[in-house]
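Participant: Got a structure for you, questions after.
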Amino acid sequence: MHLYYLDNVTRLAVLQELFSTDKNNIGVSYLRLSIGSSDLNEKVYSYDDLGPEEIDLNMTHFNLDIDRMYVIPLLKQILVINPYIKLLGSPWSPPLWMKNNQASIGGSLLPQYYDAYALYFVRYVQTMEKEGITIDAITIQNEPLSGTNNPSMVMHAEQQAQFIKQSLGPAFRRNSIKTKILVFDDNPNRIDYPLYVLQDRETTQYVDGSAFHMYRGIIEALSLVHDMHPDKNIYFTERGTNVPANLKTDLVWHVKTLIVGATRSWARTVLEWNLAADPQCKPHTPGGCTNCLGALTIDKNQVLSPRNPSYYIIAHAAKFIRPNSVRIGSNLIPSLPNVAFQRHDDERQVLVVVNENDRGSIAFKIRCNGHVYETSLNGGSVGTYIW
């Protein structure tokens, strides 16, 4: 919303900075959208809100009118800058009439509305496609084990597996929808959830992989899911920063845990949440996150500098590790967590290194293909090297 209200010149400059790959722009290549509202919208809404006692099994009243006010115009501008950007959609809640408590917070999806909710996803993907916006993947439910946010919904593994194999997977197949279906979208302290869904052969035929956040658990648990199901992909889809921000500590922890840790644990994406907020961390719903810091802070028509930690966390990777890059081997050094890639387009190598020890600089050598590069990295800092 804040990006939309910037004047045209300022908005274009910021979008170029975020999504263009040339000059000093950072080249973000993957974005996460909320399907309906998240807790970082001004109000709770879905794409099929109805009055009391009303239902809409055929999605007759489905519309993206609210997204057409802000989200869709911005996405179209982003696609002009980078037509190859990929988009992930995640719902925080289905329409309230589909839930057993008819409320935005908590509750669960009523089984009699499985087919209607599957059609809701179909309509979302199809309607966005008509706008020229391709949805690369969807998750079934943001944080399905937490029912306290506004909006939110609890969906246990058994229900998610049943919904996919009974309704969503067949609906996508009937409508020739290529959008990937990702399960879970929650923390790696509960890998039993994706493992349960992925062991069901009727379900897993429709599933591309699992999505993870990182607020509880250990990031290495993603590797356990990969090892059990190496044919299914791993996506890292959310970790945020909060106020008060500390650039040094946030940068070091997030790059070590996510850019290095998640990708070493087979993640194909690393996403920070969220893109922009005002100085009061607004908008948010009543009961939504009140201290979630955007990658950008926008105060009326001004984008504040320096940018916030999430911006620099993503920039260290997105600017240099371009889509279709392949992770390559690099030795593990406890004092210097690192990860290496080979780029697809020019076959150059990229190495991201973290010196989490704030007490001083560490000198090290990079050896690759017979070449040796000597360098050092200050304490409490991150370096990205390309050759």
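Ligands are numbered from 1 in the order shown, chains are lettered A, B, ... in the order of the structure tokens, and residues start at 1 in each chain.
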Go through range 255-379 of chain A and collect every residue that DSSP, computed from the backbone, puts in strand (DSSP E); the answer should be as a ChimeraX atom specification.
Facilitator: /A:267-270,276-277,292-293,296-299,302-303,326-328,338-342,349-355,362-368,371-377
Participant: Keeping N, CA and C atoms, export the residues of the selection given above as a tab-separated table (two decimals), in the first residue's frame.
Facilitator:
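Result written to result20.tsv:
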```tsv
chain	number	residue	atom	x	y	z
A	267	ALA	N	17.03	-25.55	0.51
A	267	ALA	CA	16.00	-24.57	0.14
A	267	ALA	C	16.30	-23.96	-1.22
A	268	ARG	N	15.26	-23.86	-2.05
A	268	ARG	CA	15.38	-23.25	-3.37
A	268	ARG	C	15.13	-21.75	-3.33
A	269	THR	N	14.47	-21.28	-2.29
A	269	THR	CA	14.17	-19.86	-2.13
A	269	THR	C	14.50	-19.44	-0.70
A	270	VAL	N	14.77	-18.16	-0.52
A	270	VAL	CA	14.86	-17.56	0.81
A	270	VAL	C	14.10	-16.24	0.75
A	276	ALA	N	7.32	-3.58	2.93
A	276	ALA	CA	7.30	-2.16	3.31
A	276	ALA	C	6.27	-1.90	4.40
A	277	ALA	N	6.61	-0.98	5.29
A	277	ALA	CA	5.70	-0.52	6.34
A	277	ALA	C	6.02	0.95	6.61
A	292	CYS	N	6.37	-5.57	13.23
A	292	CYS	CA	7.01	-6.18	12.06
A	292	CYS	C	7.61	-5.10	11.17
A	293	LEU	N	8.89	-5.19	10.95
A	293	LEU	CA	9.63	-4.17	10.20
A	293	LEU	C	9.70	-4.56	8.74
A	296	LEU	N	11.66	-1.94	3.69
A	296	LEU	CA	11.67	-0.50	3.52
A	296	LEU	C	10.75	0.14	4.55
A	297	THR	N	11.15	1.29	5.07
A	297	THR	CA	10.24	2.13	5.85
A	297	THR	C	9.87	3.32	4.99
A	298	ILE	N	8.57	3.51	4.77
A	298	ILE	CA	8.07	4.59	3.92
A	298	ILE	C	7.28	5.56	4.77
A	299	ASP	N	7.75	6.79	4.81
A	299	ASP	CA	7.09	7.85	5.57
A	299	ASP	C	6.51	8.84	4.58
A	302	GLN	N	8.43	9.52	1.31
A	302	GLN	CA	9.87	9.35	1.47
A	302	GLN	C	10.19	7.92	1.86
A	303	VAL	N	11.14	7.31	1.15
A	303	VAL	CA	11.65	5.99	1.50
A	303	VAL	C	12.92	6.22	2.32
A	326	VAL	N	23.24	-22.90	-9.18
A	326	VAL	CA	23.32	-24.22	-8.55
A	326	VAL	C	24.29	-24.14	-7.37
A	327	ARG	N	23.85	-24.65	-6.23
A	327	ARG	CA	24.75	-24.69	-5.08
A	327	ARG	C	25.89	-25.68	-5.33
A	328	ILE	N	27.11	-25.25	-5.04
A	328	ILE	CA	28.29	-26.11	-5.21
A	328	ILE	C	28.97	-26.28	-3.86
A	338	ASN	N	29.38	-20.42	5.50
A	338	ASN	CA	29.44	-19.99	4.11
A	338	ASN	C	28.63	-20.91	3.23
A	339	VAL	N	28.33	-20.43	2.04
A	339	VAL	CA	27.67	-21.24	1.01
A	339	VAL	C	28.13	-20.73	-0.34
A	340	ALA	N	28.26	-21.65	-1.31
A	340	ALA	CA	28.78	-21.30	-2.63
A	340	ALA	C	27.80	-21.73	-3.72
A	341	PHE	N	27.80	-20.98	-4.81
A	341	PHE	CA	26.93	-21.26	-5.96
A	341	PHE	C	27.70	-21.05	-7.25
A	342	GLN	N	27.23	-21.72	-8.30
A	342	GLN	CA	27.66	-21.40	-9.66
A	342	GLN	C	26.47	-20.86	-10.42
A	349	GLN	N	31.31	-18.10	-10.16
A	349	GLN	CA	31.07	-18.63	-8.82
A	349	GLN	C	30.80	-17.49	-7.84
A	350	VAL	N	29.95	-17.79	-6.86
A	350	VAL	CA	29.59	-16.83	-5.83
A	350	VAL	C	29.76	-17.50	-4.47
A	351	LEU	N	30.36	-16.80	-3.53
A	351	LEU	CA	30.53	-17.32	-2.17
A	351	LEU	C	30.02	-16.28	-1.18
A	352	VAL	N	29.11	-16.69	-0.30
A	352	VAL	CA	28.61	-15.83	0.77
A	352	VAL	C	29.23	-16.32	2.08
A	353	VAL	N	29.87	-15.41	2.80
A	353	VAL	CA	30.60	-15.76	4.03
A	353	VAL	C	30.13	-14.86	5.16
A	354	VAL	N	30.00	-15.44	6.36
A	354	VAL	CA	29.60	-14.70	7.55
A	354	VAL	C	30.70	-14.81	8.60
A	355	ASN	N	31.13	-13.67	9.13
A	355	ASN	CA	32.00	-13.66	10.31
A	355	ASN	C	31.14	-13.21	11.49
A	362	ILE	N	38.84	-11.75	10.39
A	362	ILE	CA	39.39	-13.08	10.13
A	362	ILE	C	39.90	-13.10	8.69
A	363	ALA	N	41.17	-13.48	8.52
A	363	ALA	CA	41.74	-13.64	7.19
A	363	ALA	C	41.50	-15.06	6.70
A	364	PHE	N	41.24	-15.21	5.42
A	364	PHE	CA	41.03	-16.55	4.86
A	364	PHE	C	41.36	-16.54	3.38
A	365	LYS	N	41.45	-17.74	2.81
A	365	LYS	CA	41.74	-17.91	1.39
A	365	LYS	C	40.58	-18.62	0.71
A	366	ILE	N	40.29	-18.21	-0.51
A	366	ILE	CA	39.31	-18.89	-1.34
A	366	ILE	C	40.07	-19.61	-2.45
A	367	ARG	N	39.97	-20.92	-2.49
A	367	ARG	CA	40.63	-21.71	-3.53
A	367	ARG	C	39.56	-22.28	-4.45
A	368	CYS	N	39.71	-22.05	-5.76
A	368	CYS	CA	38.73	-22.55	-6.72
A	368	CYS	C	39.38	-22.68	-8.09
A	371	HIS	N	42.87	-21.41	-8.66
A	371	HIS	CA	43.13	-20.02	-8.27
A	371	HIS	C	43.00	-19.88	-6.76
A	372	VAL	N	43.77	-18.96	-6.19
A	372	VAL	CA	43.71	-18.68	-4.77
A	372	VAL	C	43.50	-17.19	-4.58
A	373	TYR	N	42.49	-16.85	-3.78
A	373	TYR	CA	42.18	-15.44	-3.49
A	373	TYR	C	42.32	-15.25	-1.98
A	374	GLU	N	43.15	-14.30	-1.58
A	374	GLU	CA	43.34	-14.01	-0.17
A	374	GLU	C	42.52	-12.79	0.20
A	375	THR	N	41.80	-12.88	1.30
A	375	THR	CA	40.94	-11.78	1.71
A	375	THR	C	40.72	-11.86	3.21
A	376	SER	N	39.93	-10.97	3.75
A	376	SER	CA	39.58	-10.99	5.17
A	376	SER	C	38.19	-10.39	5.34
A	377	LEU	N	37.59	-10.68	6.48
A	377	LEU	CA	36.22	-10.21	6.73
A	377	LEU	C	36.15	-9.70	8.16
```
Participant: Give me the residues within 10 Å of Tyr312 in chain A as a PyMOL selection string, counting only C-alpha atoms and dropping any in the same chain fewer than 6 places off.
Facilitator: chain A and resi 26+247+250-251+255+295+306+318+382
Participant: Any chance you could export the current selection's C-alpha atoms as a PDB file, in the first residue's frame?
Facilitator:
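Output contents, as saved in again_11.pdb:
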```pdb
ATOM      1  CA  ILE A  26      19.502  -5.624  -5.954  1.00  0.00           C
ATOM      2  CA  LEU A 247      21.497  -4.071  11.370  1.00  0.00           C
ATOM      3  CA  ASP A 250      20.041  -9.057  12.261  1.00  0.00           C
ATOM      4  CA  LEU A 251      22.225  -9.238   9.155  1.00  0.00           C
ATOM      5  CA  VAL A 255      22.460 -14.552   6.505  1.00  0.00           C
ATOM      6  CA  ALA A 295      12.552  -4.123   4.212  1.00  0.00           C
ATOM      7  CA  PRO A 306      19.538   3.445   5.281  1.00  0.00           C
ATOM      8  CA  ALA A 318      19.693 -11.704  -4.792  1.00  0.00           C
ATOM      9  CA  VAL A 382      28.915 -10.514   5.808  1.00  0.00           C
TER      10      VAL A 382
END
```
Participant: Counting only C-alpha atoms, figure out which residue out of A:Thr148, A:Thr10, A:Asn63, A:Asn187 gets nearest to Gly217 in chain A.
Facilitator: A:Asn187
Participant: Write out as CSV a residue-level contact list of range 198-280 of chain A versus range 88-97 of chain A with cut-off 12 Å: for each qualifying residue the closest pair of atoms and the distance in Å to one decimal, counting only C-alpha atoms, rows sorted by chain and residue number upward.
Facilitator:
```
residue,atom,partner,partner_atom,distance
A:Ala211,CA,A:Ser90,CA,10.5
A:Tyr235,CA,A:Leu88,CA,10.4
A:Phe236,CA,A:Leu88,CA,11.2
A:Thr237,CA,A:Leu88,CA,8.7
A:Glu238,CA,A:Ser90,CA,10.9
A:Thr269,CA,A:Leu88,CA,10.5
A:Val270,CA,A:Leu88,CA,11.8
A:Leu271,CA,A:Leu88,CA,10.1
```
Participant: Quick one: distance from CA of Leu110 in chain A to CA of Gln160 in chain A in Å, one decimal?
Facilitator: 11.9 Å
Participant: Which is closer to Phe163 in chain A than all the others in A:Phe212, A:Trp266, A:Tyr30, A:Tyr117, using only C-alpha atoms?
Facilitator: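 With only C-alpha atoms as the atom set, the closest residue is A:Tyr117.
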Participant: Could you name the residues that touch Arg68 in chain A at 12 Å or less, counting only C-alpha atoms, but leaving out those on the same chain fewer than 2 positions away, as a ChimeraX atom specification?
Facilitator: /A:1,4,36,47,63-66,70-76,127-128,131
Participant: I'd like the neighbourhood of range 189-193 of chain A as a ChimeraX atom specification, where a residue qualifies if any of its atoms comes within 10 Å (using only C-alpha atoms), though same-chain residues fewer than 2 positions away should be ignored.
Facilitator: /A:144-145,156-158,160-161,183-187,195-198,210,212-219,221-222,224-225
Participant: Just N, CA and C atoms for this one: save the residues we selected as a PDB file, in the first residue's frame.
Facilitator:
```pdb
ATOM      1  N   PRO A 144      -0.119 -23.137   9.556  1.00  0.00           N
ATOM      2  CA  PRO A 144      -1.342 -23.883   9.849  1.00  0.00           C
ATOM      3  C   PRO A 144      -1.439 -24.412  11.272  1.00  0.00           C
ATOM      4  N   LEU A 145      -0.366 -24.322  12.047  1.00  0.00           N
ATOM      5  CA  LEU A 145      -0.418 -24.785  13.434  1.00  0.00           C
ATOM      6  C   LEU A 145      -0.654 -23.649  14.418  1.00  0.00           C
ATOM      7  N   HIS A 156      -4.548 -29.048  10.467  1.00  0.00           N
ATOM      8  CA  HIS A 156      -3.614 -30.107  10.825  1.00  0.00           C
ATOM      9  C   HIS A 156      -3.203 -30.902   9.590  1.00  0.00           C
ATOM     10  N   ALA A 157      -2.125 -31.651   9.731  1.00  0.00           N
ATOM     11  CA  ALA A 157      -1.543 -32.365   8.595  1.00  0.00           C
ATOM     12  C   ALA A 157      -2.537 -33.307   7.937  1.00  0.00           C
ATOM     13  N   GLU A 158      -3.329 -34.016   8.742  1.00  0.00           N
ATOM     14  CA  GLU A 158      -4.300 -34.954   8.187  1.00  0.00           C
ATOM     15  C   GLU A 158      -5.312 -34.234   7.306  1.00  0.00           C
ATOM     16  N   GLN A 160      -4.855 -31.253   5.812  1.00  0.00           N
ATOM     17  CA  GLN A 160      -4.206 -30.708   4.623  1.00  0.00           C
ATOM     18  C   GLN A 160      -4.008 -31.787   3.566  1.00  0.00           C
ATOM     19  N   ALA A 161      -3.586 -32.966   3.990  1.00  0.00           N
ATOM     20  CA  ALA A 161      -3.417 -34.068   3.041  1.00  0.00           C
ATOM     21  C   ALA A 161      -4.739 -34.426   2.379  1.00  0.00           C
ATOM     22  N   VAL A 183       3.247 -27.692   0.661  1.00  0.00           N
ATOM     23  CA  VAL A 183       2.598 -28.023   1.921  1.00  0.00           C
ATOM     24  C   VAL A 183       3.311 -27.334   3.082  1.00  0.00           C
ATOM     25  N   PHE A 184       2.646 -27.324   4.221  1.00  0.00           N
ATOM     26  CA  PHE A 184       3.153 -26.875   5.516  1.00  0.00           C
ATOM     27  C   PHE A 184       3.207 -25.356   5.624  1.00  0.00           C
ATOM     28  N   ASP A 185       4.302 -24.672   5.338  1.00  0.00           N
ATOM     29  CA  ASP A 185       4.453 -23.224   5.482  1.00  0.00           C
ATOM     30  C   ASP A 185       4.486 -22.825   6.954  1.00  0.00           C
ATOM     31  N   ASP A 186       5.319 -23.523   7.718  1.00  0.00           N
ATOM     32  CA  ASP A 186       5.421 -23.271   9.158  1.00  0.00           C
ATOM     33  C   ASP A 186       6.833 -23.624   9.614  1.00  0.00           C
ATOM     34  N   ASN A 187       7.044 -23.723  10.912  1.00  0.00           N
ATOM     35  CA  ASN A 187       8.386 -23.816  11.482  1.00  0.00           C
ATOM     36  C   ASN A 187       8.959 -25.233  11.501  1.00  0.00           C
ATOM     37  N   LEU A 195       6.206 -34.328   6.706  1.00  0.00           N
ATOM     38  CA  LEU A 195       6.507 -35.745   6.491  1.00  0.00           C
ATOM     39  C   LEU A 195       5.231 -36.577   6.441  1.00  0.00           C
ATOM     40  N   TYR A 196       4.243 -36.213   7.249  1.00  0.00           N
ATOM     41  CA  TYR A 196       2.966 -36.932   7.198  1.00  0.00           C
ATOM     42  C   TYR A 196       2.294 -36.728   5.845  1.00  0.00           C
ATOM     43  N   VAL A 197       2.242 -35.476   5.385  1.00  0.00           N
ATOM     44  CA  VAL A 197       1.566 -35.192   4.113  1.00  0.00           C
ATOM     45  C   VAL A 197       2.288 -35.885   2.961  1.00  0.00           C
ATOM     46  N   LEU A 198       3.610 -35.846   2.976  1.00  0.00           N
ATOM     47  CA  LEU A 198       4.380 -36.377   1.852  1.00  0.00           C
ATOM     48  C   LEU A 198       4.411 -37.903   1.803  1.00  0.00           C
ATOM     49  N   SER A 210       7.747 -28.674   0.139  1.00  0.00           N
ATOM     50  CA  SER A 210       7.366 -28.162   1.455  1.00  0.00           C
ATOM     51  C   SER A 210       7.918 -26.756   1.644  1.00  0.00           C
ATOM     52  N   PHE A 212       8.811 -23.604   4.531  1.00  0.00           N
ATOM     53  CA  PHE A 212       9.209 -23.470   5.932  1.00  0.00           C
ATOM     54  C   PHE A 212       9.400 -22.009   6.326  1.00  0.00           C
ATOM     55  N   HIS A 213       9.087 -21.725   7.599  1.00  0.00           N
ATOM     56  CA  HIS A 213       9.430 -20.471   8.255  1.00  0.00           C
ATOM     57  C   HIS A 213      10.555 -20.768   9.247  1.00  0.00           C
ATOM     58  N   MET A 214      11.001 -19.740   9.980  1.00  0.00           N
ATOM     59  CA  MET A 214      12.076 -19.986  10.944  1.00  0.00           C
ATOM     60  C   MET A 214      11.904 -19.088  12.166  1.00  0.00           C
ATOM     61  N   TYR A 215      10.932 -19.431  12.993  1.00  0.00           N
ATOM     62  CA  TYR A 215      10.746 -18.773  14.283  1.00  0.00           C
ATOM     63  C   TYR A 215      10.953 -19.756  15.435  1.00  0.00           C
ATOM     64  N   ARG A 216      10.883 -21.044  15.144  1.00  0.00           N
ATOM     65  CA  ARG A 216      11.145 -22.102  16.126  1.00  0.00           C
ATOM     66  C   ARG A 216      11.855 -23.251  15.414  1.00  0.00           C
ATOM     67  N   GLY A 217      12.645 -24.012  16.185  1.00  0.00           N
ATOM     68  CA  GLY A 217      13.324 -25.160  15.605  1.00  0.00           C
ATOM     69  C   GLY A 217      14.705 -24.802  15.093  1.00  0.00           C
ATOM     70  N   ILE A 218      15.287 -25.718  14.311  1.00  0.00           N
ATOM     71  CA  ILE A 218      16.612 -25.503  13.733  1.00  0.00           C
ATOM     72  C   ILE A 218      16.515 -25.635  12.215  1.00  0.00           C
ATOM     73  N   ILE A 219      17.281 -24.815  11.527  1.00  0.00           N
ATOM     74  CA  ILE A 219      17.171 -24.773  10.068  1.00  0.00           C
ATOM     75  C   ILE A 219      17.642 -26.077   9.435  1.00  0.00           C
ATOM     76  N   ALA A 221      16.861 -28.936  10.104  1.00  0.00           N
ATOM     77  CA  ALA A 221      15.765 -29.905  10.003  1.00  0.00           C
ATOM     78  C   ALA A 221      15.208 -29.988   8.586  1.00  0.00           C
ATOM     79  N   LEU A 222      15.400 -28.929   7.791  1.00  0.00           N
ATOM     80  CA  LEU A 222      14.945 -28.982   6.397  1.00  0.00           C
ATOM     81  C   LEU A 222      15.635 -30.112   5.645  1.00  0.00           C
ATOM     82  N   LEU A 224      16.439 -32.966   6.826  1.00  0.00           N
ATOM     83  CA  LEU A 224      15.810 -34.238   7.181  1.00  0.00           C
ATOM     84  C   LEU A 224      14.606 -34.504   6.291  1.00  0.00           C
ATOM     85  N   VAL A 225      13.839 -33.457   6.001  1.00  0.00           N
ATOM     86  CA  VAL A 225      12.697 -33.616   5.098  1.00  0.00           C
ATOM     87  C   VAL A 225      13.191 -33.956   3.696  1.00  0.00           C
TER      88      VAL A 225
END
```
